[in-house]
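Only one structure is covered here, and it is reproduced in the block below.
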Amino acid sequence: MNPDHIFSVSDSLEFEKLSLEIFNYQVGNCEVYGRFVSNLGIDIRKVKDYNSIPFLPIEFFKSQQVICGENNAKTIFSSSGTTGMTQSKHYVKDIDIYIKSYRKTFSLFYGEISKYAVLALLPSYLEREGSSLIYMVNDLISLSNHQKSGYFLDNHDLLKQTLEELKASETPTILIGVTYALLDFAESHSIEFPELIVMETGGMKGKRKEILRTELHEVLCAGFGVQRIHSEYGMTELLSQAYSKGSGIFQTPPWMKVRIRDTNDPLTLLGNESTGGINIIDLANIHSCSFIATQDLGKCYDDGSFEVLGRFDHSDIRGCNLLVQ
């Protein structure tokens with residue numbers, strides 16, 4: 001299959017057609033997914049629409065090599081995690097698909113990256129190897145081609161100075177940061193930069209106590225002098241991202257969709273505005289698995305947007321043991 005077809009999806013019929021093609025390809029070529037579907041007792045000939053496609057529990061990325069065909073991955077992305085936790089690993093055969101996915105998605109939501117200064121406050125991600133987020137941000141910083149673009153780690157004084165200079169020069173600016181680092185800055189410094197796009201990538205990473213999104217965004221809005229906080233929703237196991245431009249409501253690119261599953265019956269999908277587990281179809285995951293049951297809780301809306309409401313309070317999603325029976 002030509003990966004370019006993935007990024008030219010224009011309507012739901014085309015999305016469904018590609019989803020079914022990729023499902024049949026992955027059942028036959030991704031051993032982990034094929035065994036999972038087989039153990040569910042699903043007759044793949046009866047899978048006629050994407051709502052009937054089974055979703056692989058994301059936990060398998062921690063214990064199995066989720067990849068189609070031979071493991072000749074060119075890149076391996078790994079998840080962050082506290083000490084003692086097993087990391088997820090995403091074996092990526094074609095890094096160009098990831099590059100095309102995040103570049104095209106960014107352009108869809110924010111326009112040309114070259115017009116922005118891109119600042120990054122991602123200390124915990126820079127402290128380890130294999131971060132897909134760092135790979136993306138490195139590239140966006142390079143494409144921005146602005147002399148003040150770059151990482152700031154814990155140098156909050158320099159970050160404030162840079163933000164003030166960019167505000168004075170009326171430069172469109174994006175600050176991408178892990179949640180706890182943005183909070184640290186907002187609580188120790190303050191700036192009035194209404195045009196600034198503050199984009200949080202989620203997660204306290206064990207650094208601070210988790211707080212409600214509304215409370216978090218209030219603190220960040222006050223600290224940076226902005227009206228709303230943007231958010232990026234992505235993960236190691238995906239090659240696509242969703243973005244929120246405020247209020248925690250995320251939109252996906254055309255080759256990515258979210259479905260909500262019943263928390264007590266993971267094979268049953270729920271309707272819009274029902275709370276349940278977040279399932280993701282990411283067609284860019286063509287060489288691993290495009291159908292992922294995450295550990296996030298949320299709800300979908302009629303326009304295809306979705307909201308993340310929390311996470312499962314247990315580590316194993318029902319159905320994981322099917323593979324090892």
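Chains: A, B, ... in order of the structure tokens. Residues: from 1 per chain. Ligands: from 1, in order shown.
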
Fill in: Neighbour list for Gly223 (chain A) as number ranges by chain, cut-off 9 Å, only C-alpha atoms, skip fewer than 6 positions in-chain
A: 183, 185-192

Fill in: Long-range neighbours of Gly28 (chain A) as a list in words, 12 Å cut-off, only C-alpha atoms, 6 positions minimum in chain
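Close residues of Gly28 (chain A): Glu21, Ile22, Gly34, Arg35, Phe36, Val37, Ser38, Ile44, Ile67, Cys68, Gly69, His287, Ser288 and Cys289 of chain A.
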
Output as a tab-separated table one row per residue of region 85-120 of chain A within 8 Å of region 267-285 of chain A: the closest atom pair and its distance in Å to one decimal place, counting only C-alpha atoms, sorted by chain and residue number ascending.
residue	atom	partner	partner_atom	distance
A:Ile97	CA	A:Ala284	CA	6.6
A:Tyr98	CA	A:Ala284	CA	7.2
A:Ser101	CA	A:Ala284	CA	7.0

Output file for the selection above: C-alpha atoms, as a JSON list (two decimals), in the first residue's frame:
[["chain", "number", "residue", "atom", "x", "y", "z"],
["A", 97, "ILE", "CA", 5.60, 8.27, 7.49],
["A", 98, "TYR", "CA", 5.92, 9.75, 10.98],
["A", 101, "SER", "CA", 2.17, 12.74, 9.59]]

Worksheet entry | Those in region 32-166 of chain A with helix (DSSP H, G or I) from DSSP, as number ranges by chain | A: 32-39, 44-46, 50-52, 60-63, 95-110, 113-115, 123-126, 132-144, 156-166
